[in-house]
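Comments concern the structure below.
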Amino acid sequence: MSILLSRRRFLGLSAVGTSALFLNGCDRLTQNEDVQRVLEKAETLTETAQRTLLPRGALAREYTEADLSPVFKVNGTSAPDGEEYARLMAGNFADWRLVVDGLVRQPLSLSLTDLKRLPSRTQITRHDCVEGWSAIGKWTGVPLGLLLQSAGLLPNARYIVFYCADDLGATLDGTGRYYESLDLVDAFHPQTILAYGMNGVDLPVGHGAPLRLRVERQLGYKHAKYLMRIQVTDSFAAIAGGKGGFWEDLGYEWYAGI
Ligand SMILES: Nc1nc2c(c(=O)[nH]1)N[C@H]1C(S)=C(S)[C@@H](COP(=O)(O)O)O[C@H]1N2
Ligand SMILES: [Mo]
């Protein structure tokens with residue numbers, strides 16, 4: 001809690017400066033040739049080897065069913081506005097597709113049924129929001145790394161950008177669309193999943209139906225809900241406000257590690 005509170009104060013005081021600093025640090029990390037080589041070979045490494053080579057590959061703590069929070073707060077958007085989302089929801093998301101495109105060999109367009117047929121991971125983790133609350137939930141979904149491997153990353157791929165269905169109103173670029181981004185270290189982390197299930201049922205609308213990101217080593221705002229499209233890119237400088245996410249464009253740090 002004290003870490004969260006001090007992080008929050010930290011963010012409030014000098015957010016823009018620190019996000020630039022973190023981004024530069026991360027840029028250096030992913031440009032490093034050794035790190036690149038490790039990332040390219042990630043599929044052949046065991047989890048243990050990955051953890052030894054990349055401290056950021058360490059697993060977030062996992063909990064038991066007994067630890068599940070009786071109430072898990074819905075935060076930010078609780079249901080996207082707009083006819084498109086309303087139509088998809090009315091059809092139980094049968095017409096929804098997740099598009100995976102950008103710097104990939106094989107762009108994908110996947111239905112919920114397609115995603116549910118792929119190997120899944122279930123994890124009970126603690127969600128920490130920058131506003132100072134936490135909750136433990138159980139998440140089931142497809143490891144993001146698996147999807148990226150089947151799409152096939154091109155050599156210049158460096159970031160994964162997540163586009164959401166919801167619009168939070170005016171932002172710096174005027175679009176208001178929620179979006180987020182990760183580097184490849186977090187994208188291939190074993191606990192980074194695209195979750196379609198929560199606490200044993202289909203992901204509720206409040207929590208991001210039909211699909212949301214779980215990136216367990218980072219704060220809540222990185223966990224993009226209402227996913228529509230995943231784009232592989234070499235830079236997010238030209239996207240929206242250029243800082244890699246809805247809250248990042250408003251001054252939050254891009255790397256929100258916990
Ligand atoms: N698309 C979208 N994703 C989002 C948000 C949002 O408003 N829209 N809010 C973020 C924040 S700040 C948090 S804490 C979590 C909240 O997830 P929950 O509603 O499942 O608690 O979602 C994150 N992802
Ligand atoms: Mo949050």
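Chain labels follow the order of the structure tokens: the first chain is A, the next B, and so on; residue numbering restarts at 1 in every chain, and ligands are counted from 1 in their shown order.
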For this session: Give as a list of chain:residue names the residues surrounding ligand 1 up to a distance of 6 Å, considering only C-alpha atoms and all ligand atoms.
Result: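 Those within range of ligand 1 are A:Lys73, A:Val74, A:Asn75, A:Gly76, A:Thr77, A:Cys129, A:Cys164, A:Asp166, A:Tyr178, A:Gly206, A:His207, A:Gly220, A:Tyr221, A:His223, A:Ala224, A:Lys225, A:Tyr226.
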What does the file look like for those residues with N, CA and C atoms, as a short mmCIF file (atom, residue, chain, number, x, y, z; two decimals), in the first residue's frame?
```cif
data_model
loop_
_atom_site.label_atom_id
_atom_site.label_comp_id
_atom_site.auth_asym_id
_atom_site.auth_seq_id
_atom_site.Cartn_x
_atom_site.Cartn_y
_atom_site.Cartn_z
N LYS A 73 -13.83 -4.36 -7.82
CA LYS A 73 -14.35 -3.09 -8.31
C LYS A 73 -14.29 -3.01 -9.84
N VAL A 74 -15.31 -2.42 -10.43
CA VAL A 74 -15.25 -2.07 -11.85
C VAL A 74 -14.70 -0.65 -11.91
N ASN A 75 -13.65 -0.44 -12.69
CA ASN A 75 -13.05 0.89 -12.73
C ASN A 75 -12.88 1.39 -14.16
N GLY A 76 -12.89 2.71 -14.31
CA GLY A 76 -12.84 3.29 -15.65
C GLY A 76 -14.17 3.01 -16.34
N THR A 77 -14.08 2.66 -17.62
CA THR A 77 -15.30 2.37 -18.37
C THR A 77 -15.99 1.13 -17.79
N CYS A 129 -4.62 -0.93 -8.57
CA CYS A 129 -4.94 0.30 -9.30
C CYS A 129 -4.14 1.45 -8.70
N CYS A 164 -8.94 -0.42 -27.81
CA CYS A 164 -10.14 -0.80 -27.06
C CYS A 164 -11.38 -0.22 -27.72
N ASP A 166 -13.81 1.35 -26.05
CA ASP A 166 -14.41 2.48 -25.32
C ASP A 166 -13.71 3.81 -25.55
N TYR A 178 -9.52 4.53 -25.58
CA TYR A 178 -8.59 3.90 -24.64
C TYR A 178 -7.65 3.00 -25.44
N GLY A 206 -18.55 -5.26 -17.34
CA GLY A 206 -17.86 -4.26 -16.49
C GLY A 206 -16.36 -4.47 -16.46
N HIS A 207 -15.93 -5.70 -16.60
CA HIS A 207 -14.50 -6.01 -16.50
C HIS A 207 -13.83 -6.16 -17.87
N GLY A 220 -2.87 -1.39 -12.79
CA GLY A 220 -4.18 -1.62 -13.40
C GLY A 220 -4.44 -0.95 -14.73
N TYR A 221 -3.94 0.26 -14.92
CA TYR A 221 -4.32 0.97 -16.15
C TYR A 221 -3.71 0.34 -17.40
N HIS A 223 -3.93 -2.79 -18.01
CA HIS A 223 -4.74 -3.98 -18.32
C HIS A 223 -5.94 -3.62 -19.20
N ALA A 224 -5.67 -3.32 -20.46
CA ALA A 224 -6.69 -2.80 -21.37
C ALA A 224 -7.91 -3.73 -21.48
N LYS A 225 -9.10 -3.16 -21.29
CA LYS A 225 -10.37 -3.90 -21.40
C LYS A 225 -10.95 -3.69 -22.81
N TYR A 226 -11.99 -4.43 -23.15
CA TYR A 226 -12.74 -4.25 -24.41
C TYR A 226 -11.82 -4.26 -25.64
#
```
Problem set entry | Residue contacts of stretch 190-195 of chain A (10 Å, only C-alpha atoms) excluding same-chain residues fewer than 3 positions away, as a PyMOL selection string | chain A and resi 47+50+57-60+62+115-116+120-123+125+138-147+185-187+198+202-203+208-217+223-225+227
Give me the residues within 10 Å of A:Pro70 as an mmCIF file with N, CA and C atoms, in the first residue's frame, counting only C-alpha atoms and dropping any in the same chain fewer than 5 places off.
```cif
data_model
loop_
_atom_site.group_PDB
_atom_site.id
_atom_site.type_symbol
_atom_site.label_atom_id
_atom_site.label_comp_id
_atom_site.auth_asym_id
_atom_site.auth_seq_id
_atom_site.Cartn_x
_atom_site.Cartn_y
_atom_site.Cartn_z
ATOM 1 N N ALA A 135 -7.501 -5.766 -5.697
ATOM 2 C CA ALA A 135 -8.478 -6.852 -5.600
ATOM 3 C C ALA A 135 -7.852 -8.095 -6.210
ATOM 4 N N ILE A 136 -8.211 -9.257 -5.651
ATOM 5 C CA ILE A 136 -7.695 -10.530 -6.155
ATOM 6 C C ILE A 136 -8.770 -11.203 -6.999
ATOM 7 N N GLY A 137 -8.391 -11.574 -8.208
ATOM 8 C CA GLY A 137 -9.337 -12.213 -9.128
ATOM 9 C C GLY A 137 -8.684 -13.373 -9.858
#
```
For this session: List every residue of stretch 107-179 of chain A that DSSP, applied to the backbone of this structure, assigns to strand (DSSP E or B), and report them as an MDAnalysis selection string.
Result: chainID A and resid 108:110 121:128 134:143 153 159:167 177:179
Please, could you write that set of residues out with N, CA and C atoms as a short mmCIF file (atom, residue, chain, number, x, y, z; two decimals), in the first residue's frame?
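Written out: result35.cif:
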```cif
data_model
loop_
_atom_site.label_atom_id
_atom_site.label_comp_id
_atom_site.auth_asym_id
_atom_site.auth_seq_id
_atom_site.Cartn_x
_atom_site.Cartn_y
_atom_site.Cartn_z
N LEU A 108 -4.10 -11.77 -38.22
CA LEU A 108 -5.13 -12.69 -37.74
C LEU A 108 -6.43 -11.94 -37.49
N SER A 109 -7.54 -12.66 -37.60
CA SER A 109 -8.83 -12.14 -37.20
C SER A 109 -9.52 -13.31 -36.49
N LEU A 110 -9.66 -13.19 -35.16
CA LEU A 110 -10.07 -14.35 -34.36
C LEU A 110 -11.37 -14.09 -33.63
N ARG A 121 -4.41 -20.29 -20.00
CA ARG A 121 -3.76 -20.23 -18.69
C ARG A 121 -4.74 -19.59 -17.72
N THR A 122 -4.82 -20.17 -16.51
CA THR A 122 -5.66 -19.59 -15.46
C THR A 122 -4.75 -19.15 -14.33
N GLN A 123 -4.95 -17.95 -13.82
CA GLN A 123 -4.10 -17.42 -12.77
C GLN A 123 -4.92 -16.56 -11.80
N ILE A 124 -4.59 -16.70 -10.51
CA ILE A 124 -5.25 -15.88 -9.48
C ILE A 124 -4.23 -14.86 -9.01
N THR A 125 -4.51 -13.61 -9.28
CA THR A 125 -3.52 -12.56 -9.06
C THR A 125 -4.16 -11.35 -8.40
N ARG A 126 -3.32 -10.46 -7.94
CA ARG A 126 -3.82 -9.23 -7.32
C ARG A 126 -3.68 -8.06 -8.29
N HIS A 127 -4.77 -7.38 -8.51
CA HIS A 127 -4.82 -6.21 -9.39
C HIS A 127 -4.61 -4.97 -8.52
N ASP A 128 -3.64 -4.15 -8.87
CA ASP A 128 -3.36 -2.93 -8.11
C ASP A 128 -3.64 -1.72 -8.97
N SER A 134 -6.87 -2.45 -4.37
CA SER A 134 -6.42 -3.72 -4.95
C SER A 134 -7.53 -4.74 -4.84
N ALA A 135 -7.50 -5.77 -5.70
CA ALA A 135 -8.48 -6.85 -5.60
C ALA A 135 -7.85 -8.10 -6.21
N ILE A 136 -8.21 -9.26 -5.65
CA ILE A 136 -7.70 -10.53 -6.16
C ILE A 136 -8.77 -11.20 -7.00
N GLY A 137 -8.39 -11.57 -8.21
CA GLY A 137 -9.34 -12.21 -9.13
C GLY A 137 -8.68 -13.37 -9.86
N LYS A 138 -9.53 -14.22 -10.42
CA LYS A 138 -9.05 -15.37 -11.20
C LYS A 138 -9.31 -15.11 -12.67
N TRP A 139 -8.28 -15.23 -13.46
CA TRP A 139 -8.35 -14.87 -14.88
C TRP A 139 -7.99 -16.07 -15.76
N THR A 140 -8.75 -16.27 -16.82
CA THR A 140 -8.46 -17.35 -17.77
C THR A 140 -8.39 -16.75 -19.17
N GLY A 141 -7.35 -17.14 -19.88
CA GLY A 141 -7.22 -16.62 -21.24
C GLY A 141 -6.05 -17.22 -21.99
N VAL A 142 -5.81 -16.68 -23.17
CA VAL A 142 -4.76 -17.15 -24.06
C VAL A 142 -3.47 -16.38 -23.79
N PRO A 143 -2.36 -17.07 -23.58
CA PRO A 143 -1.09 -16.33 -23.45
C PRO A 143 -0.86 -15.47 -24.70
N LEU A 153 6.20 -12.52 -35.60
CA LEU A 153 6.68 -11.14 -35.55
C LEU A 153 7.76 -10.91 -36.60
N TYR A 159 6.97 -3.16 -30.15
CA TYR A 159 5.89 -2.89 -29.20
C TYR A 159 4.59 -3.52 -29.68
N ILE A 160 3.72 -3.83 -28.70
CA ILE A 160 2.40 -4.34 -29.01
C ILE A 160 1.41 -3.29 -28.52
N VAL A 161 0.55 -2.81 -29.43
CA VAL A 161 -0.43 -1.77 -29.08
C VAL A 161 -1.82 -2.40 -29.04
N PHE A 162 -2.57 -2.07 -27.99
CA PHE A 162 -3.90 -2.65 -27.76
C PHE A 162 -4.94 -1.56 -27.95
N TYR A 163 -5.88 -1.76 -28.86
CA TYR A 163 -6.94 -0.78 -29.12
C TYR A 163 -8.24 -1.29 -28.52
N CYS A 164 -8.94 -0.42 -27.81
CA CYS A 164 -10.14 -0.80 -27.06
C CYS A 164 -11.38 -0.22 -27.72
N ALA A 165 -12.54 -0.72 -27.28
CA ALA A 165 -13.81 -0.27 -27.86
C ALA A 165 -14.32 1.01 -27.23
N ASP A 166 -13.81 1.35 -26.05
CA ASP A 166 -14.41 2.48 -25.32
C ASP A 166 -13.71 3.81 -25.55
N ASP A 167 -14.52 4.84 -25.41
CA ASP A 167 -14.11 6.22 -25.64
C ASP A 167 -14.35 6.97 -24.34
N ARG A 177 -10.12 7.53 -27.41
CA ARG A 177 -10.09 6.07 -27.39
C ARG A 177 -9.09 5.55 -26.36
N TYR A 178 -9.52 4.53 -25.58
CA TYR A 178 -8.59 3.90 -24.64
C TYR A 178 -7.65 3.00 -25.44
N TYR A 179 -6.37 3.09 -25.15
CA TYR A 179 -5.41 2.18 -25.77
C TYR A 179 -4.25 1.99 -24.82
#
```
For this session: Could you please determine the separation between atom CA of A:Val104 and atom CA of A:Val232 in Å, to one decimal place?
Result: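 About the pair atom CA of A:Val104 and atom CA of A:Val232: they are 6.8 Å apart.
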Problem set entry | Near-A:Ala151 list (9 Å; only C-alpha atoms; drop same-chain fewer than 6 positions) as a count of residues only | 7
Problem set entry | Distance of atom CA of A:Ser181 from atom CA of A:Lys222, expressed in Å to one decimal place |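 Those two atoms sit 7.6 Å apart.
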For this session: Report the distance between atom CA of A:Pro119 and atom CA of A:Ser150 in Å, rounded to one decimal place.
Result: 12.4 Å
Exercise. Which is closer to ligand 2 than all the others in A:Leu250, A:Leu219, A:Val99, A:Val205, using only C-alpha atoms and all ligand atoms?
Worked result: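 That would be A:Leu219, the residue with the smallest distance to ligand 2.
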